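Participant: Pasting in a structure now, in structure tokens, and then I'll have a few things to ask.
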There are 4 protein chains.
Amino acid sequence: MSTTTISLSGVFPPIPTPFDEEGRVDLAALAANLKRWNEYALAGYVVLGSNGEAVYLTDEEKVLVCKTARAAIPSSKLMIAGTGCESTAQTITLTREAARAGADAALVLTPHYFSGQMTRESLLHHYRSVADASPIPVMLYNVPKFTNVDMDAATIAQASQHPNIVGVKDSSGNIAKLADVVRLAVPGFQVLAGTGGFFFAGLTLGAVGGVLALANVAPQESIDIYELYKAGEWEKAADLQRCLLPVNAAVTSRFGVPGLKAALDMLGYYGGPVRSPLLDLGASDRDILRGVLAEAVLL
Amino acid sequence: MSTTTISLSGVFPPIPTPFDEEGRVDLAALAANLKRWNEYALAGYVVLGSNGEAVYLTDEEKVLVCKTARAAIPSSKLMIAGTGCESTAQTITLTREAARAGADAALVLTPHYFSGQMTRESLLHHYRSVADASPIPVMLYNVPKFTNVDMDAATIAQASQHPNIVGVKDSSGNIAKLADVVRLAVPGFQVLAGTGGFFFAGLTLGAVGGVLALANVAPQESIDIYELYKAGEWEKAADLQRCLLPVNAAVTSRFGVPGLKAALDMLGYYGGPVRSPLLDLGASDRDILRGVLAEAVLL
Amino acid sequence: MSTTTISLSGVFPPIPTPFDEEGRVDLAALAANLKRWNEYALAGYVVLGSNGEAVYLTDEEKVLVCKTARAAIPSSKLMIAGTGCESTAQTITLTREAARAGADAALVLTPHYFSGQMTRESLLHHYRSVADASPIPVMLYNVPKFTNVDMDAATIAQASQHPNIVGVKDSSGNIAKLADVVRLAVPGFQVLAGTGGFFFAGLTLGAVGGVLALANVAPQESIDIYELYKAGEWEKAADLQRCLLPVNAAVTSRFGVPGLKAALDMLGYYGGPVRSPLLDLGASDRDILRGVLAEAVLL
Amino acid sequence: MSTTTISLSGVFPPIPTPFDEEGRVDLAALAANLKRWNEYALAGYVVLGSNGEAVYLTDEEKVLVCKTARAAIPSSKLMIAGTGCESTAQTITLTREAARAGADAALVLTPHYFSGQMTRESLLHHYRSVADASPIPVMLYNVPKFTNVDMDAATIAQASQHPNIVGVKDSSGNIAKLADVVRLAVPGFQVLAGTGGFFFAGLTLGAVGGVLALANVAPQESIDIYELYKAGEWEKAADLQRCLLPVNAAVTSRFGVPGLKAALDMLGYYGGPVRSPLLDLGASDRDILRGVLAEAVLL
């Protein structure tokens, strides 16, 4: 179990996994994207998250992505790896492999297939087992729009008592709940806003940072929100937040990972194709997306 | 149709309807509560909202509540009346009666019984018909947790083009959507946060005020959030927002109207019984509620 | 409280409420429709149900519909009136008025606005209060697609112990639950399938009849399913059931009350307009509907 | 692609995967269970379905389960293997491995993680790609309670036009939809009821068989429903169906896979532990389960 403390403050893009035209993981493109993102004051990266299409990667590919990303990420920045699988055992295996591949922390999705049986008891048992076995700190990952499991504030707070469970990425969009977690969890437990839509609001209620798909396409602007917040320039931060909302929607709820990858292509990163059953963004949606990026002066 | 402009800025408590022990509307208690709330710098009141148990009132009682409230509310404060019924025709009738009884604006709940058929087209037709016929400005009221109808930002924006539709109370808790409404609606369209859980966050994203059950039990604190926000003292506003969240939850999602009425009783207002099928708050929940109020130093 | 027993066996159409072109209740059309339906061996009718657009009628109109319908319905057929309102008190008032207007039984919709607080306890309290006060037998009405309240089998079974609660119309479509209700309720409690989609299946699992929108447009075919079932000719009943499913869908889930009324117009009954916010069926949907009726040889 | 026809008529238990006390797959127990089930006139088995805890198995374990099961299943009975993964590519890989391991057909779960993007277009593209690549016939598997994706009848009907997509297991419980699929799909497309709760009803509406968790614990009774149905003795079939409903609920919606495994233990099969994050059935639930089995005279 980890004994060092880890700071999750700041902005973390959950980076997509590049695929080439044959659908293979494109490690060179991954490294190239990271090289460019490294120019920004990002606190680190999440690899193998939802936006990394982790559900479409084999175990071997996952480890390869970790290793390649780690080599491209300076040690001054964190690499957080998504390691949640449906079973506790597989989650532990993948967490250990991610740690060996250089991950600083593991982001563990709620198991969810048998959602009706994912009770507080079973979720706590799962997370505690993973945290006991993990050589790196564990973060909870709550994203009901994908899982239909919504871990409540009291459950998260109970989990926070485990010394190796250090934070949560909450993507439910429920800011009152986010504040509840901050209030109920053990001191030092770190809450991250899970989407750009409530990043500033989350910060004002006690979040220490954000894991934002938005930060892939607008890294500096995302960092600016964070820095302005820290500097007490909240009105400017809120203005920026407001301005970025349509961009955030375009790369999340509106167009999903296909939108995120298309936006990266437009911005000079490598986006490339998504894996089936996802479908690449169609031409008319690309036009809309281009308009959204242009209006936010990202293009 | 209204030709004057109306300002919805500030804090509006959606006041409960007092019932006596026999279950009759207690007009004296209503007036007494208002007299006390009038001491605060509230912008006005919402009568006959969800918290007013409007669904449990007869048409006659609704008019009586309006008249009694109006007599107790100084002309310097707005009285907004909930007038939404399932049918367009009944909504128009009640809106006109509320106007005659002195309401300054009508808050019109989305019709919802046949939720699958409440399309953008049918909702717009409904709201435009009501707005055409209403002698007072109309506000949209979107509260999916009660209606299972969630009017989207584009629909609200289309409705905002009607000159007599002046604002929206959105209780969905989705702050990205709230900002979308601000962005897409016609200039001057007024967005009100529909619950205390995202009041401060809503203000930072363009809301002009809030209709907050919380403001019934913590009027000064609710006003303070608003005033601190206006004065640029956002950190203090956020601190207060965070501190009030458990109170807000207790009088809304956690204990509902029974919780709100019980809290009013504890605070020296008249709360009294709810109407069946709601059940009054039980003893153990009252104890919890008392603790929440005490911790927020309201008791 | 009722002391006589009432049989709910057989087929009951939940009849629509006719409106004229100005939107007024058309009592003559109501009587004319009933006169034609009376030619069939229907067990009775439900007035003021969901298909009767009860949520769009005033209290006065509801009583008028009851009286007019009763005058047109022979005493050999039951008139069941939908009398459920949000409040217990208004439900009691309307139930008594319906009884005075000649209703043989009251069909009481689950209250649902504060759906999160419609617990087993509050629902049982509501139904028992109504049943205590009602001069006619009470039937429960569970229709989660409209109410988002789904009364479970155990709650229905508890309610069935009240001597004046004689049956349930369940429109959830969950046939395993329907059978559970039959198994758990007191002997003699009568379960009615609430939609034509599972009428035959419901009969095979213990339902005694059905309240079927389908029976408005296909009364003889609906009766045939019932009679074939009773005669042990189950394969013929199932064939007919299968054949009628597209018709049933067209007048319920697919096109709703606008579809039901349009179908009645096509079949020589009076359908007429729906009330706003519902919208009358558009031309292209009418064409589809006509095709569905033609394929089932109803046209 | 398959060129032979395959008959899916009859009863198929979706068998659980036995684990030993250390949590390893217990192949001997798997074979022993099958040996006992082989004594019944089951049409075959589903391995690696939801009840097989497939989401908790590694790829290696899945292949091992297929091989072991195939060796224990006579060639006169079908082995259907659950091979659906989130990605199209992994689904194809696993389908081919299952075919090599002796599976007669592949049961392919709807991909669902990005449920909002699982449109008709993406689902059809997925299934057609899998069917093109599969050496064995493909069956669709629709189970919204686990996936929150509910493939509609029209989509299933479109998929049925692919020559290598031969059937569907539908576990939605919506019998009207099941009949719609029968009506809209190409002739010869085979529909299987996906749960014991609507097995008889499904048969009467055109299903050719069922994949029933119930058949693990009540194989003869499940077969009896099917045989009585085929023999025209529908009333007896319905009686049996009604009688088995509480058992079916106990091993599905009520207690899930932990309930199914506990029931097998009680009945002399090997049930054994579930994999974490599922939790084994507690003592009091076991008592309830024992009572349910006893009342149905299975114990």
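Naming scheme: A, B, ... for chains in displayed order of the structure tokens; residues 1 onward per chain; ligands 1 onward as shown.
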Near chain B, which residues of chain C fall within 6 Å when you count only C-alpha atoms, and what do they look like as a PyMOL selection string?
Facilitator: chain C and resi 56+87-88+113-114+122+126+146+276-277
Participant: Residues as selected, N, CA and C atoms, written as a compact mmCIF listing (two decimals), in the first residue's frame, can you do that?
Facilitator:
```txt
# COMPACT_ATOMS: atom_id res chain seq x y z
N TYR C 56 -57.44 16.75 -17.94
CA TYR C 56 -57.76 18.00 -18.64
C TYR C 56 -59.20 18.46 -18.42
N SER C 87 -54.63 14.81 -4.08
CA SER C 87 -54.86 14.81 -2.63
C SER C 87 -55.90 13.77 -2.25
N THR C 88 -55.74 13.26 -1.06
CA THR C 88 -56.69 12.29 -0.54
C THR C 88 -58.07 12.91 -0.42
N TYR C 113 -47.31 13.27 -7.68
CA TYR C 113 -46.48 14.46 -7.92
C TYR C 113 -45.19 14.40 -7.09
N PHE C 114 -45.32 14.14 -5.81
CA PHE C 114 -44.13 13.99 -4.97
C PHE C 114 -43.75 12.50 -4.97
N SER C 122 -47.41 5.80 2.71
CA SER C 122 -48.29 6.90 2.30
C SER C 122 -49.34 6.42 1.30
N HIS C 126 -53.36 6.55 1.94
CA HIS C 126 -54.23 7.20 0.95
C HIS C 126 -55.39 6.28 0.55
N PHE C 146 -47.19 6.88 -16.77
CA PHE C 146 -47.70 8.24 -16.61
C PHE C 146 -47.32 8.83 -15.25
N SER C 276 -55.48 20.60 -25.60
CA SER C 276 -54.11 21.09 -25.46
C SER C 276 -53.68 20.92 -24.01
N PRO C 277 -52.44 20.51 -23.72
CA PRO C 277 -51.26 20.51 -24.58
C PRO C 277 -51.11 19.30 -25.50
```
Participant: Hey, what's within 12 Å of segment 288-297 of chain B if we count only C-alpha atoms and toss same-chain stuff fewer than 4 positions away? As a VMD selection string, please?
Facilitator: chain B and resid 214 217 to 218 221 240 to 252 254 to 256 258 to 267 281 to 284
Participant: I need the chosen residues saved as a tab-separated table (two decimals), in the first residue's frame, with N, CA and C atoms.
Facilitator:
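Result went into out.tsv, see below:
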```
chain	number	residue	atom	x	y	z
B	214	LEU	N	-34.99	26.76	0.57
B	214	LEU	CA	-34.05	27.16	1.62
B	214	LEU	C	-34.35	28.54	2.18
B	217	VAL	N	-36.47	29.01	5.35
B	217	VAL	CA	-35.92	28.74	6.69
B	217	VAL	C	-34.63	29.52	6.95
B	218	ALA	N	-34.00	29.99	5.91
B	218	ALA	CA	-32.77	30.76	6.08
B	218	ALA	C	-32.81	31.97	5.15
B	221	GLU	N	-29.57	34.29	5.25
B	221	GLU	CA	-28.40	33.62	4.70
B	221	GLU	C	-28.52	33.50	3.18
B	240	LEU	N	-20.66	30.33	2.42
B	240	LEU	CA	-22.02	30.31	2.95
B	240	LEU	C	-22.84	29.25	2.21
B	241	GLN	N	-22.66	29.22	0.89
B	241	GLN	CA	-23.37	28.21	0.09
B	241	GLN	C	-23.05	26.81	0.62
B	242	ARG	N	-21.77	26.54	0.82
B	242	ARG	CA	-21.35	25.22	1.29
B	242	ARG	C	-21.98	24.91	2.64
B	243	CYS	N	-21.98	25.90	3.51
B	243	CYS	CA	-22.50	25.71	4.87
B	243	CYS	C	-24.00	25.41	4.87
B	244	LEU	N	-24.71	25.95	3.88
B	244	LEU	CA	-26.17	25.79	3.87
B	244	LEU	C	-26.64	24.54	3.14
B	245	LEU	N	-25.73	23.85	2.48
B	245	LEU	CA	-26.17	22.70	1.68
B	245	LEU	C	-26.91	21.64	2.48
B	246	PRO	N	-26.43	21.27	3.65
B	246	PRO	CA	-27.20	20.25	4.41
B	246	PRO	C	-28.60	20.74	4.78
B	247	VAL	N	-28.72	22.02	5.08
B	247	VAL	CA	-30.06	22.56	5.38
B	247	VAL	C	-30.93	22.49	4.13
B	248	ASN	N	-30.35	22.90	3.03
B	248	ASN	CA	-31.13	22.86	1.79
B	248	ASN	C	-31.61	21.44	1.49
B	249	ALA	N	-30.70	20.47	1.61
B	249	ALA	CA	-31.10	19.08	1.35
B	249	ALA	C	-32.22	18.65	2.28
B	250	ALA	N	-32.11	19.06	3.55
B	250	ALA	CA	-33.09	18.61	4.54
B	250	ALA	C	-34.50	19.11	4.22
B	251	VAL	N	-34.62	20.30	3.64
B	251	VAL	CA	-35.96	20.83	3.35
B	251	VAL	C	-36.37	20.58	1.90
B	252	THR	N	-35.55	19.83	1.16
B	252	THR	CA	-35.93	19.50	-0.22
B	252	THR	C	-35.82	17.98	-0.45
B	254	ARG	N	-34.22	15.51	0.81
B	254	ARG	CA	-34.17	14.52	1.88
B	254	ARG	C	-35.52	14.32	2.57
B	255	PHE	N	-36.14	15.41	3.01
B	255	PHE	CA	-37.38	15.29	3.77
B	255	PHE	C	-38.58	15.95	3.09
B	256	GLY	N	-38.36	16.64	1.97
B	256	GLY	CA	-39.47	17.20	1.22
B	256	GLY	C	-40.24	18.27	1.98
B	258	PRO	N	-42.73	17.90	4.01
B	258	PRO	CA	-42.86	17.62	5.45
B	258	PRO	C	-41.65	18.14	6.24
B	259	GLY	N	-40.46	18.04	5.64
B	259	GLY	CA	-39.26	18.57	6.30
B	259	GLY	C	-39.28	20.08	6.36
B	260	LEU	N	-39.70	20.69	5.28
B	260	LEU	CA	-39.77	22.15	5.26
B	260	LEU	C	-40.73	22.67	6.33
B	261	LYS	N	-41.88	22.05	6.42
B	261	LYS	CA	-42.87	22.52	7.41
B	261	LYS	C	-42.39	22.26	8.84
B	262	ALA	N	-41.77	21.12	9.04
B	262	ALA	CA	-41.25	20.83	10.38
B	262	ALA	C	-40.16	21.83	10.76
B	263	ALA	N	-39.32	22.19	9.80
B	263	ALA	CA	-38.27	23.16	10.08
B	263	ALA	C	-38.86	24.53	10.43
B	264	LEU	N	-39.90	24.91	9.72
B	264	LEU	CA	-40.54	26.19	10.03
B	264	LEU	C	-41.09	26.19	11.45
B	265	ASP	N	-41.72	25.09	11.84
B	265	ASP	CA	-42.21	24.98	13.21
B	265	ASP	C	-41.07	25.18	14.21
B	266	MET	N	-39.94	24.55	13.94
B	266	MET	CA	-38.80	24.67	14.86
B	266	MET	C	-38.26	26.09	14.93
B	267	LEU	N	-38.44	26.83	13.86
B	267	LEU	CA	-37.86	28.17	13.76
B	267	LEU	C	-38.84	29.27	14.16
B	281	LEU	N	-43.57	14.63	9.09
B	281	LEU	CA	-42.26	14.07	9.43
B	281	LEU	C	-42.33	13.31	10.75
B	282	GLY	N	-41.74	12.11	10.78
B	282	GLY	CA	-41.73	11.32	12.00
B	282	GLY	C	-40.74	11.86	13.02
B	283	ALA	N	-40.83	11.32	14.23
B	283	ALA	CA	-40.04	11.84	15.34
B	283	ALA	C	-38.54	11.72	15.10
B	284	SER	N	-38.09	10.59	14.58
B	284	SER	CA	-36.65	10.42	14.45
B	284	SER	C	-36.10	11.32	13.34
```
Participant: Show which residues sit within 8 Å of Leu78 of chain B, as JSON, numbers by chain. Count only C-alpha atoms, and ignore same-chain residues fewer than 4 positions away.
Facilitator: {"B": [43, 44, 45, 73, 103, 104, 105]}
Participant: Go ahead and dump the residues you just picked, N, CA and C atoms, as a compact mmCIF listing (two decimals), in the first residue's frame.
Facilitator:
```
# COMPACT_ATOMS: atom_id res chain seq x y z
N ALA B 43 -36.78 39.51 -2.51
CA ALA B 43 -37.32 40.21 -3.68
C ALA B 43 -38.81 39.94 -3.85
N GLY B 44 -39.27 38.87 -3.23
CA GLY B 44 -40.68 38.52 -3.34
C GLY B 44 -40.90 37.08 -2.93
N TYR B 45 -42.04 36.57 -3.33
CA TYR B 45 -42.45 35.23 -2.91
C TYR B 45 -43.05 34.47 -4.08
N ILE B 73 -48.30 41.02 1.49
CA ILE B 73 -47.02 41.29 0.83
C ILE B 73 -47.01 42.75 0.37
N ALA B 103 -51.30 38.76 -8.39
CA ALA B 103 -50.00 38.19 -8.72
C ALA B 103 -49.28 39.07 -9.75
N ASP B 104 -47.98 39.22 -9.58
CA ASP B 104 -47.17 40.01 -10.51
C ASP B 104 -46.68 39.18 -11.68
N ALA B 105 -46.58 37.89 -11.49
CA ALA B 105 -46.12 37.00 -12.56
C ALA B 105 -46.66 35.61 -12.27
```
Participant: What does the distance from atom CA of Ile225 of chain B to atom CA of Leu184 of chain A come to in Å, to one decimal?
Facilitator: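 Between atom CA of Ile225 of chain B and atom CA of Leu184 of chain A the gap is 22.5 Å.
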Participant: If we count only C-alpha atoms, what is near Ala176 of chain C at a cut-off of 8 Å, once residues fewer than 2 positions away on the same chain are taken out, given as an MDAnalysis selection string?
Facilitator: (chainID C and resid 174 178:180) or (chainID D and resid 197:198 245)
Participant: For those residues, write N, CA, C and O atoms to a file as a PDB file, in the first residue's frame.
Facilitator:
```pdb
ATOM      1  N   ASN C 174     -45.952  -5.623 -16.653  1.00  0.00           N
ATOM      2  CA  ASN C 174     -45.113  -6.633 -16.016  1.00  0.00           C
ATOM      3  C   ASN C 174     -45.988  -7.819 -15.609  1.00  0.00           C
ATOM      4  O   ASN C 174     -46.633  -7.793 -14.560  1.00  0.00           O
ATOM      5  N   LEU C 178     -48.066  -9.068 -12.168  1.00  0.00           N
ATOM      6  CA  LEU C 178     -49.520  -9.305 -12.167  1.00  0.00           C
ATOM      7  C   LEU C 178     -49.822 -10.637 -11.480  1.00  0.00           C
ATOM      8  O   LEU C 178     -50.715 -10.733 -10.624  1.00  0.00           O
ATOM      9  N   ALA C 179     -49.066 -11.657 -11.825  1.00  0.00           N
ATOM     10  CA  ALA C 179     -49.293 -12.965 -11.204  1.00  0.00           C
ATOM     11  C   ALA C 179     -48.966 -12.925  -9.712  1.00  0.00           C
ATOM     12  O   ALA C 179     -49.624 -13.578  -8.899  1.00  0.00           O
ATOM     13  N   ASP C 180     -47.947 -12.157  -9.367  1.00  0.00           N
ATOM     14  CA  ASP C 180     -47.600 -11.992  -7.954  1.00  0.00           C
ATOM     15  C   ASP C 180     -48.756 -11.380  -7.175  1.00  0.00           C
ATOM     16  O   ASP C 180     -49.040 -11.778  -6.040  1.00  0.00           O
TER      17      ASP C 180
ATOM     18  N   GLY D 197     -40.102 -15.598 -16.246  1.00  0.00           N
ATOM     19  CA  GLY D 197     -41.302 -14.856 -15.866  1.00  0.00           C
ATOM     20  C   GLY D 197     -42.320 -14.740 -16.984  1.00  0.00           C
ATOM     21  O   GLY D 197     -43.517 -14.608 -16.727  1.00  0.00           O
ATOM     22  N   PHE D 198     -41.864 -14.773 -18.191  1.00  0.00           N
ATOM     23  CA  PHE D 198     -42.836 -14.684 -19.290  1.00  0.00           C
ATOM     24  C   PHE D 198     -42.604 -15.777 -20.330  1.00  0.00           C
ATOM     25  O   PHE D 198     -42.837 -15.584 -21.510  1.00  0.00           O
ATOM     26  N   LEU D 245     -43.395 -18.927 -10.745  1.00  0.00           N
ATOM     27  CA  LEU D 245     -42.986 -17.521 -10.750  1.00  0.00           C
ATOM     28  C   LEU D 245     -42.171 -17.103  -9.528  1.00  0.00           C
ATOM     29  O   LEU D 245     -41.153 -16.422  -9.670  1.00  0.00           O
TER      30      LEU D 245
END
```
Participant: Using atom CA of Leu299 of chain D and atom CA of Gly232 of chain D as the two end points, give the distance in Å to one decimal.
Facilitator: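 Result for atom CA of Leu299 of chain D versus atom CA of Gly232 of chain D: 28.7 Å, one decimal.
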Participant: Looking only at helix (DSSP H, G or I) from DSSP on the backbone, list the matching residues of segment 30-87 of chain B as a ChimeraX atom specification.
Facilitator: /B:30-37,50-52,54-56,59-72
